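Student: Provided herewith is a single structure, encoded as structure tokens, for subsequent inquiry.
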Amino acid sequence: MNNALRITAFATALAATFGTAYGVGRGVDPLVAAEDRPAQQHGGHDGGEEGGAKAAADHEPGGLQVSDGGYTLALETPTVRAGARTEIRFAVRDDSGRKVTAYRREHGKELHFILASTDLTQYRHLHPVRAADGTWSTPVDLPEAGGYRVFADFTPAAAGAENLTLGADLAVSGAYRPAVLPDAGTVAEVDGYRVTLGGELRAGQAGELKPSISRNGRPVTDLQPYLGAYGHLVALRSGDLAYLHVHPNEGGPGPVVSFTATAPSAGTYRLFLDFKHEGKVRTAAFTVRVAEPGNDGDGHRESGTEAPAGHAH
């Protein structure tokens with residue numbers, strides 16, 4: 001094997017190609033009672049159409065910084081080996097360096113932990129366990145070497161604290177094989193389910209995404225709540241992995257789940273939809289190209305329209 005294609009703990013930057021095939025995350029949490037709250041967009045610190053658009057303009061996208069608002073994501077396991085089951089440990093530290101031990105619960109959890117490869121071939125939505133001293137840990141088994149990004153989505157219990165999404169780099173050692181970002185498309189297949197993405201993701205303004213789910217040609221009308229919702233959607237921007245996490249609007253249990261989201265900019269995004277049916281969580285993935293306001297997907301000016309989510313070029 002050519003040494004130039006080996007990823008080591010100190011060579012993560014070589015893994016910054018963007019692209020991939022379809023990633024599947026697994027959820028293992030028990031059913032959590034649904035919460036009656038409006039759609040909420042993490043990484044933008046606000047929710048709803050007006051709030052989401054305002055947040056996109058007022059805040060940096062989530063996950064690009066390791067420290068924000070007086071809190072820092074301290075990754076205690078910066079390197080793991082591909083193909084080996086291991087444990088990732090981390091903590092959130094306040095501006096005094098102390099580990100945070102009190103969080104507000106959101107969607108049934110104190111903290112949501114997302115892991116994705118920088119080429120977007122791998123994606124995991126994990127639920128770590130917190131020790132009394134504030135150290136979080138979760139087992140993980142990553143099949144592919146390369147550069148990864150981890151995201152901690154949480155709200156400290158301290159008075160006045162806002163929801164934060166902090167990110168840190170993770171190196172997975174082993175033989176690295178570059179991948180290419182899959183073409184944009186509106187249909188994903190996972191475990192016999194067909195997920196069709198409708199609606200549009202817009203740059204700088206709220207748009208509605210409407211994935212619909214079917215199996216064996218029939219609509220799935222009995223989705224189960226997963227972490228208090230009928231679906232969870234995470235979007236990562238290709239290039240820097242800016243993080244966008246939205247929750248569904250009111251409705252359900254299927255076959256259509258509606259989300260309101262605002263893209264922080266034009267560009268290419270990889271969308272990961274978690275949904276639960278018959279006791280199992282599955283993830284459907286899409287590549288979406290978001291045009292500049294007033295442009296179609298090919299750079300041509302249009303009158304107040306955006307390229308539809310999943311528009312193929």
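Identifiers for the structure tokens are assigned positionally: chains receive A, B, ... in sequence, residues are indexed from 1 per chain, and ligands are indexed from 1 in the order shown.
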Which residues are close to Ala168 (chain A), i.e. within 8 Å by only C-alpha atoms, leaving aside same-chain residues fewer than 5 positions away? Reply as a PyMOL selection string.
Tutor: chain A and resi 63+65-66+73-75+149-151
Student: Give me, as a ChimeraX atom specification, all polymer residues having an atom no more than 6 Å from Gly199 (chain A), counting only C-alpha atoms and skipping those fewer than 2 positions away in the same chain.
Tutor: /A:208-210
Student: For the residues in the current selection, export N, CA and C atoms as a PDB file, in the first residue's frame.
Tutor:
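Everything below was put into part.pdb:
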ATOM      1  N   GLU A 208     -39.302  24.568   3.185  1.00  0.00           N
ATOM      2  CA  GLU A 208     -39.898  23.376   3.765  1.00  0.00           C
ATOM      3  C   GLU A 208     -39.429  22.140   3.006  1.00  0.00           C
ATOM      4  N   LEU A 209     -38.969  21.140   3.756  1.00  0.00           N
ATOM      5  CA  LEU A 209     -38.580  19.855   3.206  1.00  0.00           C
ATOM      6  C   LEU A 209     -39.626  18.829   3.605  1.00  0.00           C
ATOM      7  N   LYS A 210     -40.061  17.982   2.651  1.00  0.00           N
ATOM      8  CA  LYS A 210     -41.139  17.035   2.898  1.00  0.00           C
ATOM      9  C   LYS A 210     -40.752  15.636   2.422  1.00  0.00           C
TER      10      LYS A 210
END
Student: Show me, as JSON lines, the residues of region 158-208 of chain A having an atom within 9 Å of region 261-273 of chain A, each with the closest atom pair and its distance in Å, using only C-alpha atoms.
Tutor:
{"residue": "A:Leu181", "atom": "CA", "partner": "A:Arg270", "partner_atom": "CA", "distance": 8.8}
{"residue": "A:Ala184", "atom": "CA", "partner": "A:Thr268", "partner_atom": "CA", "distance": 8.9}
{"residue": "A:Leu201", "atom": "CA", "partner": "A:Ala263", "partner_atom": "CA", "distance": 6.4}
{"residue": "A:Arg202", "atom": "CA", "partner": "A:Ala263", "partner_atom": "CA", "distance": 5.6}
{"residue": "A:Ala203", "atom": "CA", "partner": "A:Ala263", "partner_atom": "CA", "distance": 4.7}
{"residue": "A:Gly204", "atom": "CA", "partner": "A:Pro264", "partner_atom": "CA", "distance": 5.6}
{"residue": "A:Gln205", "atom": "CA", "partner": "A:Thr262", "partner_atom": "CA", "distance": 5.4}
{"residue": "A:Ala206", "atom": "CA", "partner": "A:Thr262", "partner_atom": "CA", "distance": 4.6}
{"residue": "A:Gly207", "atom": "CA", "partner": "A:Ala261", "partner_atom": "CA", "distance": 5.6}
{"residue": "A:Glu208", "atom": "CA", "partner": "A:Ala261", "partner_atom": "CA", "distance": 6.4}
Student: May I ask which of the residues A:Ala161, A:Val281, A:Val172, A:Leu64 is the closest one to Ser117 (chain A), counting only C-alpha atoms?
Tutor: A:Val172
Student: Hey, which of A:Ala116, A:Leu126, A:Ala284, A:Val80 ends up closest to Tyr193 (chain A)? Count only C-alpha atoms.
Tutor: A:Ala284
Student: Could you work out how far CA of Phe154 (chain A) lies from CA of Phe113 (chain A), giving the answer in Å with one decimal?
Tutor: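 If I compute the distance from CA of Phe113 (chain A) to CA of Phe154 (chain A), I get 8.8 Å.
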Student: With only C-alpha atoms as the basis for distance, which of A:Gly83, A:Gly97, A:Gly198, A:Gly70 is at the shortest distance from Pro156 (chain A)?
Tutor: A:Gly70
Student: Which residue out of A:Val234, A:Gly254, A:His127, A:Val180 has the minimum interatomic distance to Pro139 (chain A) when only C-alpha atoms are used?
Tutor: A:His127
Student: Using only C-alpha atoms, pick whichever of A:Gly108, A:Val129, A:Thr72, A:Asp169 has the shortest atom-to-atom distance to Ser96 (chain A).
Tutor: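 Counting only C-alpha atoms, the residue closest to Ser96 (chain A) is A:Thr72.
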